[in-house]
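Everything below concerns the one structure shown next.
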Amino acid sequence: MKITEQPSEYHNLEQKDIKEILEIINREDTFVPIRIREALPQIERLTEAYIRHLESGGRIFYVGTGTSGRLGVLDAAELIPTFGIPEGVVIGIIAGGDEALRRPVEYAEDDPEAGWQELLKHNVSDKDLVIGISASGTTPFTVGAIERAAQNGIETGCITCNPNTPLAKHSKYPVEVIVGPEVIAGSTRMKAGTAQKLILNMVSTTAMIKLGRILDNRMIDMQIVNQKLFRRGVKLIVEWTGVDQDIAEKLLLSEGSVRKALEKIKKYGVDFSG
C-alpha cells in the first residue's frame, strides 16, 4: 500500500474534542518541513533545471489533478503579478480544465493520454520543462503526461510523496518528499498538499530571484494592479532613492513598474544602491 494511503495512528477522531484534533493535525504538520529539508538536494536539481529552461527561452509546465493540479495552477498564476513574468511562461495544467479548479470532475484523472494531449495543445517542445505533481505518484493523467514527454525528448521533473513511483521513474528531476500517512487516511490535501505547496514556493521563488526578478529582497517587477501594490511600490522608491512621495507616485504611474521608475531615477543621477 502506498504510504499516502496508509491509515494513521490516530483512531476514533470523531470522539475527540476540537482542541485535541487541532493538536493532532498541527503535530503532523510539523513533520513536513523536516521531510522537505531531507529532499533539498533533489529540489536543488529541479530548481537548476527550471532556471536553465527559462533562461534559454523555454517554458515550465505543471501537470496534476485534484489538489496537486490546483496547486500547480495557483503557483503559475501567482508568478505573473508577483514577479511580472509574461503570461504563458509558466503554465498550470489540471485534469478536467478550469472547471476542476472549483469542483471535482469525475474520472478526469484516469485518462493516461489526456495530460499529454493538453501539453500538445500548448505546442510543448524540447525547450520546455514538464513537472508532474502527484502525491501518490501513480495518477494516470500525470504519469502519462510525464512518460510521453520523456519519450519525446522533453525534460521532466516531479513532486511526489511516495518513494519509487512510476511518476519518479519517468522524471529526470524527481522530488520525493515522504511525509507519511495523513491524519485522515488518503486525504492528501493535508500534509502532502502542504509539502507540494512549499516546494513549489521554493522552486519558483528561487528561480525568479536568480533570473533577476528581485532586487535585494523586493519585488521590483510586480504588476501594479491595485492600490496596495501601488503604495508598496511608492514606499520602495522613496526608501531607495530619497525622492519625495509625490515624485515617486508620478514616476510609478508614468513608468508602470518599480524597476522602470528606479532606472529612470538612476539615469538622472539619483543613487538608490542602498
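Residues are named by chain letter and number: chains run A, B, ... in the order of the C-alpha cells, numbers start at 1 in each chain, and ligands are numbered from 1 in the order shown.
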
Interface rows for range 36-151 of chain A against range 202-209 of chain A: nearest pair, Å to one decimal, 7 Å, only C-alpha atoms, as a tab-separated table:
residue	atom	partner	partner_atom	distance
A:Thr47	CA	A:Val203	CA	5.2
A:Tyr50	CA	A:Ala207	CA	6.9
A:Ile51	CA	A:Ala207	CA	5.4

- Message: Which residues are near range 213-220 of chain A? Cut-off 12 Å, only C-alpha atoms, ignore same chain within fewer than 5 positions. Put them as a PyMOL selection string.
- Response: chain A and resi 79-85+204-208+229-230+232-237+239-240+252+256-263+272-274

Store the residues picked out above in a file with N, CA and C atoms, as a compact mmCIF listing (two decimals), in the first residue's frame.
# COMPACT_ATOMS: atom_id res chain seq x y z
N LEU A 79 2.85 33.84 -10.19
CA LEU A 79 4.14 34.35 -10.67
C LEU A 79 3.97 35.57 -11.56
N ILE A 80 2.82 35.69 -12.21
CA ILE A 80 2.61 36.80 -13.14
C ILE A 80 2.54 38.14 -12.40
N PRO A 81 1.64 38.33 -11.43
CA PRO A 81 1.61 39.62 -10.74
C PRO A 81 2.77 39.83 -9.78
N THR A 82 3.27 38.76 -9.18
CA THR A 82 4.32 38.90 -8.17
C THR A 82 5.67 39.26 -8.78
N PHE A 83 6.00 38.61 -9.91
CA PHE A 83 7.32 38.81 -10.49
C PHE A 83 7.28 39.43 -11.89
N GLY A 84 6.09 39.69 -12.40
CA GLY A 84 5.96 40.36 -13.68
C GLY A 84 6.35 39.53 -14.88
N ILE A 85 6.36 38.19 -14.73
CA ILE A 85 6.70 37.38 -15.90
C ILE A 85 5.51 37.36 -16.86
N SER A 204 9.99 27.98 -7.54
CA SER A 204 9.67 29.11 -8.41
C SER A 204 10.23 30.43 -7.86
N THR A 205 10.19 30.61 -6.55
CA THR A 205 10.72 31.85 -5.97
C THR A 205 12.23 31.93 -6.16
N THR A 206 12.94 30.83 -5.92
CA THR A 206 14.38 30.82 -6.14
C THR A 206 14.71 31.11 -7.60
N ALA A 207 13.92 30.53 -8.50
CA ALA A 207 14.14 30.78 -9.93
C ALA A 207 13.96 32.25 -10.26
N MET A 208 12.92 32.86 -9.73
CA MET A 208 12.67 34.28 -10.02
C MET A 208 13.79 35.16 -9.47
N LEU A 229 -0.54 47.41 -3.94
CA LEU A 229 0.74 47.25 -4.63
C LEU A 229 1.30 48.60 -5.08
N PHE A 230 0.41 49.53 -5.43
CA PHE A 230 0.88 50.87 -5.79
C PHE A 230 1.56 51.53 -4.59
N ARG A 232 2.88 50.04 -2.03
CA ARG A 232 4.11 49.31 -1.75
C ARG A 232 5.23 49.78 -2.68
N GLY A 233 4.90 49.95 -3.96
CA GLY A 233 5.88 50.41 -4.93
C GLY A 233 6.38 51.80 -4.64
N VAL A 234 5.47 52.70 -4.27
CA VAL A 234 5.85 54.08 -3.94
C VAL A 234 6.78 54.09 -2.74
N LYS A 235 6.44 53.33 -1.72
CA LYS A 235 7.25 53.26 -0.50
C LYS A 235 8.65 52.76 -0.82
N LEU A 236 8.75 51.78 -1.69
CA LEU A 236 10.05 51.22 -2.06
C LEU A 236 10.89 52.28 -2.78
N ILE A 237 10.28 52.98 -3.71
CA ILE A 237 11.00 54.01 -4.47
C ILE A 237 11.51 55.10 -3.54
N GLU A 239 12.13 54.86 -0.29
CA GLU A 239 13.17 54.32 0.59
C GLU A 239 14.51 54.23 -0.13
N TRP A 240 14.51 53.81 -1.37
CA TRP A 240 15.76 53.54 -2.08
C TRP A 240 16.35 54.78 -2.75
N LEU A 252 5.93 56.21 -10.76
CA LEU A 252 5.36 54.87 -10.82
C LEU A 252 4.16 54.83 -11.77
N GLY A 256 5.04 52.61 -14.85
CA GLY A 256 4.29 51.35 -14.78
C GLY A 256 4.92 50.24 -13.98
N SER A 257 6.16 50.43 -13.52
CA SER A 257 6.79 49.41 -12.68
C SER A 257 7.86 50.05 -11.82
N VAL A 258 8.14 49.39 -10.69
CA VAL A 258 9.17 49.89 -9.79
C VAL A 258 10.52 49.88 -10.49
N ARG A 259 10.81 48.81 -11.21
CA ARG A 259 12.10 48.70 -11.89
C ARG A 259 12.33 49.88 -12.84
N LYS A 260 11.34 50.18 -13.67
CA LYS A 260 11.50 51.26 -14.64
C LYS A 260 11.61 52.62 -13.95
N ALA A 261 10.88 52.78 -12.85
CA ALA A 261 10.99 54.03 -12.10
C ALA A 261 12.38 54.20 -11.52
N LEU A 262 12.92 53.13 -10.95
CA LEU A 262 14.27 53.19 -10.39
C LEU A 262 15.31 53.45 -11.48
N GLU A 263 15.14 52.82 -12.62
CA GLU A 263 16.08 53.03 -13.72
C GLU A 263 16.05 54.48 -14.21
N PHE A 272 20.35 54.93 -5.73
CA PHE A 272 19.42 54.12 -4.93
C PHE A 272 20.05 52.77 -4.60
N SER A 273 21.36 52.70 -4.63
CA SER A 273 22.04 51.42 -4.45
C SER A 273 21.82 50.83 -3.08
N GLY A 274 21.54 51.66 -2.09
CA GLY A 274 21.35 51.14 -0.74
C GLY A 274 19.94 50.85 -0.43

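Using only C-alpha atoms for every distance, the candidate list A:Asp246, A:Asp126, A:Asp75, A:Glu5 yields A:Asp126 as the residue closest to Glu155 in chain A.
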
- Message: Between CA of Leu211 in chain A and CA of Ser125 in chain A, what distance in Å does the model show, to one decimal?
- Response: 21.5 Å

- Item | Selection: 12 Å around Asp110 in chain A, only C-alpha atoms, excl. self and same-chain fewer than 4 positions, as a PyMOL selection string | chain A and resi 64-66+95-96+105-106+114-115+138-145

Save out the residues we just selected, C-alpha atoms, as a PDB file, in the first residue's frame.
ATOM      1  CA  GLY A  64      -1.561  17.495 -11.985  1.00  0.00           C
ATOM      2  CA  THR A  65      -5.021  16.504 -10.803  1.00  0.00           C
ATOM      3  CA  GLY A  66      -7.165  17.473  -7.835  1.00  0.00           C
ATOM      4  CA  ALA A  95      -7.168  17.360 -15.312  1.00  0.00           C
ATOM      5  CA  GLY A  96     -10.699  18.481 -16.100  1.00  0.00           C
ATOM      6  CA  VAL A 105     -14.542  16.458 -12.500  1.00  0.00           C
ATOM      7  CA  GLU A 106     -15.340  12.749 -12.466  1.00  0.00           C
ATOM      8  CA  ALA A 114      -5.283  13.281 -21.598  1.00  0.00           C
ATOM      9  CA  GLY A 115      -2.362  15.061 -19.918  1.00  0.00           C
ATOM     10  CA  THR A 138       0.634   6.972  -9.739  1.00  0.00           C
ATOM     11  CA  THR A 139      -2.147   9.208 -11.120  1.00  0.00           C
ATOM     12  CA  PRO A 140      -2.666   8.139 -14.769  1.00  0.00           C
ATOM     13  CA  PHE A 141      -3.238  11.686 -16.106  1.00  0.00           C
ATOM     14  CA  THR A 142       0.013  12.941 -14.588  1.00  0.00           C
ATOM     15  CA  VAL A 143       2.162   9.851 -15.091  1.00  0.00           C
ATOM     16  CA  GLY A 144       1.021   9.586 -18.714  1.00  0.00           C
ATOM     17  CA  ALA A 145       1.926  13.191 -19.422  1.00  0.00           C
TER      18      ALA A 145
END

- Where in range 18-171 of chain A does DSSP assign strand (DSSP E), given as JSON, numbers by chain? {"A": [60, 61, 62, 63, 64, 90, 91, 92, 93, 94, 129, 130, 131, 132, 133, 134, 155, 156, 157, 158, 159, 160]}

Include C-alpha atoms and write out the residues we just selected as a PDB file, in the first residue's frame.
ATOM      1  CA  ILE A  60       7.596  25.463 -17.428  1.00  0.00           C
ATOM      2  CA  PHE A  61       4.531  23.232 -17.341  1.00  0.00           C
ATOM      3  CA  TYR A  62       2.947  21.945 -14.128  1.00  0.00           C
ATOM      4  CA  VAL A  63       0.691  18.918 -14.676  1.00  0.00           C
ATOM      5  CA  GLY A  64      -1.561  17.495 -11.985  1.00  0.00           C
ATOM      6  CA  VAL A  90       4.803  29.106 -16.551  1.00  0.00           C
ATOM      7  CA  ILE A  91       1.635  27.148 -17.267  1.00  0.00           C
ATOM      8  CA  GLY A  92      -0.503  25.038 -14.945  1.00  0.00           C
ATOM      9  CA  ILE A  93      -2.476  22.141 -16.436  1.00  0.00           C
ATOM     10  CA  ILE A  94      -5.124  20.399 -14.348  1.00  0.00           C
ATOM     11  CA  LEU A 129      10.359  21.505 -18.718  1.00  0.00           C
ATOM     12  CA  VAL A 130       7.308  19.493 -17.642  1.00  0.00           C
ATOM     13  CA  ILE A 131       6.797  18.924 -13.904  1.00  0.00           C
ATOM     14  CA  GLY A 132       4.267  16.358 -12.721  1.00  0.00           C
ATOM     15  CA  ILE A 133       2.684  16.951  -9.315  1.00  0.00           C
ATOM     16  CA  SER A 134       1.074  13.952  -7.646  1.00  0.00           C
ATOM     17  CA  GLU A 155      12.975  17.142 -19.797  1.00  0.00           C
ATOM     18  CA  THR A 156      10.728  16.199 -16.896  1.00  0.00           C
ATOM     19  CA  GLY A 157      10.530  16.606 -13.155  1.00  0.00           C
ATOM     20  CA  CYS A 158       8.053  15.702 -10.448  1.00  0.00           C
ATOM     21  CA  ILE A 159       6.944  16.353  -6.891  1.00  0.00           C
ATOM     22  CA  THR A 160       5.539  13.298  -5.140  1.00  0.00           C
TER      23      THR A 160
END

- Enumerate, as number ranges by chain, the complete set of residues in range 48-128 of chain A that a backbone-based DSSP assignment places in alpha helix (DSSP H). A: 48-55, 66-83, 114-121

Only N, CA and C atoms, please: the residues just picked out, written as a tab-separated table (two decimals), in the first residue's frame.
chain	number	residue	atom	x	y	z
A	48	GLU	N	17.50	24.08	-10.57
A	48	GLU	CA	18.51	24.39	-11.58
A	48	GLU	C	17.96	24.17	-12.98
A	49	ALA	N	17.23	23.08	-13.17
A	49	ALA	CA	16.63	22.80	-14.48
A	49	ALA	C	15.58	23.84	-14.82
A	50	TYR	N	14.79	24.21	-13.85
A	50	TYR	CA	13.74	25.23	-14.01
A	50	TYR	C	14.35	26.54	-14.52
A	51	ILE	N	15.43	26.97	-13.87
A	51	ILE	CA	16.10	28.22	-14.25
A	51	ILE	C	16.70	28.09	-15.64
A	52	ARG	N	17.37	26.98	-15.89
A	52	ARG	CA	18.04	26.79	-17.18
A	52	ARG	C	17.05	26.85	-18.35
A	53	HIS	N	15.91	26.25	-18.19
A	53	HIS	CA	14.92	26.24	-19.27
A	53	HIS	C	14.35	27.64	-19.50
A	54	LEU	N	14.10	28.38	-18.44
A	54	LEU	CA	13.59	29.74	-18.62
A	54	LEU	C	14.66	30.65	-19.22
A	55	GLU	N	15.90	30.48	-18.81
A	55	GLU	CA	16.98	31.30	-19.35
A	55	GLU	C	17.16	31.07	-20.85
A	66	GLY	N	-6.68	17.18	-9.18
A	66	GLY	CA	-7.17	17.47	-7.83
A	66	GLY	C	-6.35	18.55	-7.14
A	67	THR	N	-6.04	18.31	-5.86
A	67	THR	CA	-5.26	19.27	-5.09
A	67	THR	C	-3.93	19.59	-5.75
A	68	SER	N	-3.25	18.57	-6.24
A	68	SER	CA	-1.94	18.77	-6.87
A	68	SER	C	-2.06	19.66	-8.09
A	69	GLY	N	-3.07	19.43	-8.90
A	69	GLY	CA	-3.27	20.26	-10.08
A	69	GLY	C	-3.60	21.69	-9.72
A	70	ARG	N	-4.44	21.86	-8.70
A	70	ARG	CA	-4.81	23.23	-8.28
A	70	ARG	C	-3.59	23.99	-7.76
A	71	LEU	N	-2.71	23.30	-7.05
A	71	LEU	CA	-1.51	23.96	-6.54
A	71	LEU	C	-0.60	24.41	-7.68
A	72	GLY	N	-0.49	23.60	-8.72
A	72	GLY	CA	0.30	23.98	-9.88
A	72	GLY	C	-0.26	25.18	-10.59
A	73	VAL	N	-1.57	25.17	-10.79
A	73	VAL	CA	-2.24	26.32	-11.44
A	73	VAL	C	-2.06	27.57	-10.60
A	74	LEU	N	-2.18	27.42	-9.28
A	74	LEU	CA	-2.03	28.57	-8.37
A	74	LEU	C	-0.63	29.16	-8.47
A	75	ASP	N	0.39	28.31	-8.43
A	75	ASP	CA	1.76	28.82	-8.47
A	75	ASP	C	2.02	29.54	-9.80
A	76	ALA	N	1.57	28.95	-10.89
A	76	ALA	CA	1.76	29.57	-12.21
A	76	ALA	C	1.07	30.93	-12.28
A	77	ALA	N	-0.15	31.00	-11.74
A	77	ALA	CA	-0.90	32.25	-11.79
A	77	ALA	C	-0.27	33.34	-10.95
A	78	GLU	N	0.26	32.97	-9.78
A	78	GLU	CA	0.81	33.98	-8.87
A	78	GLU	C	2.14	34.55	-9.35
A	79	LEU	N	2.85	33.84	-10.19
A	79	LEU	CA	4.14	34.35	-10.67
A	79	LEU	C	3.97	35.57	-11.56
A	80	ILE	N	2.82	35.69	-12.21
A	80	ILE	CA	2.61	36.80	-13.14
A	80	ILE	C	2.54	38.14	-12.40
A	81	PRO	N	1.64	38.33	-11.43
A	81	PRO	CA	1.61	39.62	-10.74
A	81	PRO	C	2.77	39.83	-9.78
A	82	THR	N	3.27	38.76	-9.18
A	82	THR	CA	4.32	38.90	-8.17
A	82	THR	C	5.67	39.26	-8.78
A	83	PHE	N	6.00	38.61	-9.91
A	83	PHE	CA	7.32	38.81	-10.49
A	83	PHE	C	7.28	39.43	-11.89
A	114	ALA	N	-4.70	11.93	-21.62
A	114	ALA	CA	-5.28	13.28	-21.60
A	114	ALA	C	-4.26	14.35	-21.24
A	115	GLY	N	-3.36	14.07	-20.32
A	115	GLY	CA	-2.36	15.06	-19.92
A	115	GLY	C	-1.43	15.42	-21.06
A	116	TRP	N	-1.00	14.40	-21.81
A	116	TRP	CA	-0.13	14.65	-22.96
A	116	TRP	C	-0.87	15.45	-24.02
A	117	GLN	N	-2.14	15.13	-24.24
A	117	GLN	CA	-2.92	15.88	-25.23
A	117	GLN	C	-3.04	17.35	-24.84
A	118	GLU	N	-3.16	17.61	-23.54
A	118	GLU	CA	-3.21	19.01	-23.08
A	118	GLU	C	-1.89	19.71	-23.34
A	119	LEU	N	-0.79	19.01	-23.14
A	119	LEU	CA	0.51	19.60	-23.41
A	119	LEU	C	0.68	19.92	-24.90
A	120	LEU	N	0.18	19.03	-25.74
A	120	LEU	CA	0.27	19.25	-27.19
A	120	LEU	C	-0.50	20.49	-27.61
A	121	LYS	N	-1.60	20.79	-26.92
A	121	LYS	CA	-2.36	22.00	-27.24
A	121	LYS	C	-1.52	23.26	-27.05

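Our summary of the geometry notes that CA of Lys127 in chain A is positioned 4.7 Å from CA of Gly58 in chain A.
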
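Comparing A:Pro41, A:Ser136, A:Gln227, A:Asp244 by their smallest distance to Arg189 in chain A, the closest is A:Ser136 (using only C-alpha atoms).
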
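Rounded to one decimal, CA of Leu253 in chain A and CA of Val238 in chain A lie 14.1 Å from each other.
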